[in-house]
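model.cif (mmCIF, C-alpha atoms) appears below.
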data_entry
#
loop_
_atom_site.group_PDB
_atom_site.id
_atom_site.type_symbol
_atom_site.label_atom_id
_atom_site.label_comp_id
_atom_site.auth_asym_id
_atom_site.auth_seq_id
_atom_site.Cartn_x
_atom_site.Cartn_y
_atom_site.Cartn_z
ATOM 1 C CA MET E 1 8.631 -25.112 -1.955
ATOM 2 C CA SER E 2 11.711 -24.644 0.169
ATOM 3 C CA ASP E 3 11.966 -22.310 3.115
ATOM 4 C CA ALA E 4 14.293 -19.979 1.204
ATOM 5 C CA ASN E 5 11.835 -19.642 -1.686
ATOM 6 C CA VAL E 6 8.977 -18.864 0.680
ATOM 7 C CA ARG E 7 11.078 -16.214 2.440
ATOM 8 C CA ILE E 8 12.015 -14.610 -0.875
ATOM 9 C CA ASN E 9 8.376 -14.591 -2.023
ATOM 10 C CA VAL E 10 7.171 -13.046 1.237
ATOM 11 C CA ALA E 11 9.959 -10.454 1.211
ATOM 12 C CA SER E 12 9.146 -9.620 -2.418
ATOM 13 C CA ALA E 13 5.515 -9.087 -1.472
ATOM 14 C CA PHE E 14 6.578 -6.700 1.309
ATOM 15 C CA VAL E 15 8.832 -4.757 -1.086
ATOM 16 C CA ALA E 16 5.982 -4.500 -3.601
ATOM 17 C CA ALA E 17 3.685 -3.262 -0.835
ATOM 18 C CA ALA E 18 6.316 -0.707 0.180
ATOM 19 C CA ALA E 19 6.527 0.556 -3.393
ATOM 20 C CA ALA E 20 2.753 0.845 -3.686
ATOM 21 C CA TRP E 21 2.087 2.260 -0.214
ATOM 22 C CA PRO E 22 2.617 6.014 -0.833
ATOM 23 C CA SER E 23 0.363 6.077 -3.887
ATOM 24 C CA ALA E 24 -2.258 3.862 -2.265
ATOM 25 C CA LEU E 25 -2.331 5.931 0.918
ATOM 26 C CA CYS E 26 -2.676 9.165 -1.047
ATOM 27 C CA ALA E 27 -5.487 7.694 -3.163
ATOM 28 C CA ILE E 28 -7.356 6.441 -0.089
ATOM 29 C CA THR E 29 -6.866 9.746 1.735
ATOM 30 C CA ASP E 30 -8.086 11.740 -1.256
ATOM 31 C CA ALA E 31 -11.091 9.450 -1.736
ATOM 32 C CA MET E 32 -12.144 9.791 1.900
ATOM 33 C CA ALA E 33 -11.587 13.553 2.153
ATOM 34 C CA THR E 34 -14.583 15.807 2.677
ATOM 35 C CA PRO E 35 -15.213 18.636 0.219
ATOM 36 C CA LEU E 36 -13.858 21.099 2.791
ATOM 37 C CA GLN E 37 -10.652 19.109 3.194
ATOM 38 C CA ARG E 38 -10.218 18.938 -0.595
ATOM 39 C CA ALA E 39 -10.695 22.693 -0.847
ATOM 40 C CA LEU E 40 -8.168 23.328 1.920
ATOM 41 C CA GLN E 41 -5.588 21.071 0.263
ATOM 42 C CA SER E 42 -5.654 23.163 -2.886
ATOM 43 C CA ALA E 43 -6.007 26.517 -1.142
ATOM 44 C CA TRP E 44 -3.003 28.704 -0.470
ATOM 45 C CA CYS E 45 -3.932 29.092 3.203
ATOM 46 C CA GLY E 46 -4.250 25.325 3.681
ATOM 47 C CA ALA E 47 -0.551 24.707 3.103
ATOM 48 C CA GLY E 48 0.151 23.540 6.667
ATOM 49 C CA PRO E 49 0.122 19.769 6.131
ATOM 50 C CA GLN E 50 1.769 20.053 2.706
ATOM 51 C CA ALA E 51 4.726 21.842 4.302
ATOM 52 C CA LEU E 52 5.651 18.545 5.991
ATOM 53 C CA GLU E 53 5.873 16.663 2.684
ATOM 54 C CA PHE E 54 9.124 15.213 1.392
ATOM 55 C CA LEU E 55 9.316 14.353 -2.308
ATOM 56 C CA GLY E 56 5.566 14.801 -2.579
ATOM 57 C CA HIS E 57 4.555 12.469 0.241
ATOM 58 C CA CYS E 58 3.699 12.946 3.912
ATOM 59 C CA PRO E 59 5.420 11.290 6.888
ATOM 60 C CA ALA E 60 2.692 8.607 7.028
ATOM 61 C CA CYS E 61 3.611 7.524 3.500
ATOM 62 C CA TRP E 62 7.287 7.241 4.324
ATOM 63 C CA SER E 63 6.757 5.499 7.665
ATOM 64 C CA GLY E 64 4.474 2.919 6.027
ATOM 65 C CA THR E 65 7.044 2.320 3.312
ATOM 66 C CA ALA E 66 9.786 1.958 5.929
ATOM 67 C CA ALA E 67 7.671 -0.524 7.900
ATOM 68 C CA PHE E 68 7.122 -2.715 4.839
ATOM 69 C CA LEU E 69 10.831 -2.583 3.947
ATOM 70 C CA PHE E 70 11.766 -3.446 7.550
ATOM 71 C CA ALA E 71 9.402 -6.428 7.435
ATOM 72 C CA ALA E 72 11.000 -7.587 4.162
ATOM 73 C CA ALA E 73 14.480 -7.298 5.668
ATOM 74 C CA PHE E 74 13.341 -9.152 8.781
ATOM 75 C CA VAL E 75 11.941 -12.020 6.714
ATOM 76 C CA ILE E 76 15.056 -12.301 4.551
ATOM 77 C CA TYR E 77 17.776 -11.895 7.179
ATOM 78 C CA THR E 78 16.348 -13.653 10.222
ATOM 79 C CA PRO E 79 17.257 -17.347 10.412
ATOM 80 C CA SER E 80 14.229 -19.638 10.472
ATOM 81 C CA ARG E 81 15.089 -20.892 13.973
ATOM 82 C CA GLN E 82 14.802 -17.351 15.394
ATOM 83 C CA ARG E 83 11.559 -16.687 13.490
ATOM 84 C CA ARG E 84 10.006 -19.792 15.030
ATOM 85 C CA ARG E 85 11.078 -18.599 18.504
ATOM 86 C CA ALA E 86 9.709 -15.089 17.878
ATOM 87 C CA THR E 87 6.277 -16.400 16.853
ATOM 88 C CA ALA E 88 6.010 -18.916 19.709
#

Kindly present the structure from the file in structure tokens form.
Amino acid sequence: MSDANVRINVASAFVAAAAAWPSALCAITDAMATPLQRALQSAWCGAGPQALEFLGHCPACWSGTAAFLFAAAFVIYTPSRQRRRATA
């Protein structure tokens, strides 16, 4: 497989991870929440963290998605010679 095909496959994997990250993070967070935390999430008085949401997701969701998209862009747009120098 050529270098370009490998870069496209790796970048595609990062984009797929970016697309799945918000849902996966929410599922993991909900699964690990204590009963008290679950009750506070649905309670009117527990609206503090939800106030920081944008389009239904918290800043951690969006920063993880941005990190995966940045990694995909880095893999696609960085020439192989510079990638070899960066890893050495």

Taking into account all atoms listed in the file, which residue in the set E:Thr65, E:Thr34, E:Thr78, E:Thr29 is nearest to E:Val15?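 Looking only at the distances to E:Val15, the closest residue turns out to be E:Thr65.
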
Stretch 57-73 of chain E: axis-aligned bounding box, 4 Å on each side, centre and edge lengths in Å, one decimal, as AutoDock Vina command-line options:
--center_x 8.6 --center_y 2.7 --center_z 4.1 --size_x 19.8 --size_y 28.5 --size_z 15.7

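Interatomic distance, atom CA of E:Arg7 against atom CA of E:Ala19: 18.3 Å.
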
Within 12 Å of E:Ala11, counting all atoms listed in the file, which residues show up once you throw out same-chain ones fewer than 4 positions away? Write them as a ChimeraX atom specification, please. /E:4-7,15-18,68-78

What lies within 10 Å of E:Ala60 using only C-alpha atoms, ignoring chain neighbours under 2 positions off, as an NGL selection string? :E and (21-22 or 25-26 or 53 or 57-58 or 62-66)

Using C-alpha atoms, can you write the selected residues to a file as a compact mmCIF listing (two decimals), in the frame of the given file?
# COMPACT_ATOMS: atom_id res chain seq x y z
CA TRP E 21 2.09 2.26 -0.21
CA PRO E 22 2.62 6.01 -0.83
CA LEU E 25 -2.33 5.93 0.92
CA CYS E 26 -2.68 9.16 -1.05
CA GLU E 53 5.87 16.66 2.68
CA HIS E 57 4.56 12.47 0.24
CA CYS E 58 3.70 12.95 3.91
CA TRP E 62 7.29 7.24 4.32
CA SER E 63 6.76 5.50 7.66
CA GLY E 64 4.47 2.92 6.03
CA THR E 65 7.04 2.32 3.31
CA ALA E 66 9.79 1.96 5.93

Between atom CA of E:Ser23 and atom CA of E:Pro59, what distance in Å does the model show, to one decimal?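 Result for atom CA of E:Ser23 versus atom CA of E:Pro59: 13.0 Å, one decimal.
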
Restricting the calculation to all atoms listed in the file: of E:Asn9, E:Ala27, E:Ala39, E:Phe14, which residue gets closest to E:Ala67? E:Phe14

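Going from atom CA of E:Ile8 to atom CA of E:Ala20 covers 18.2 Å.
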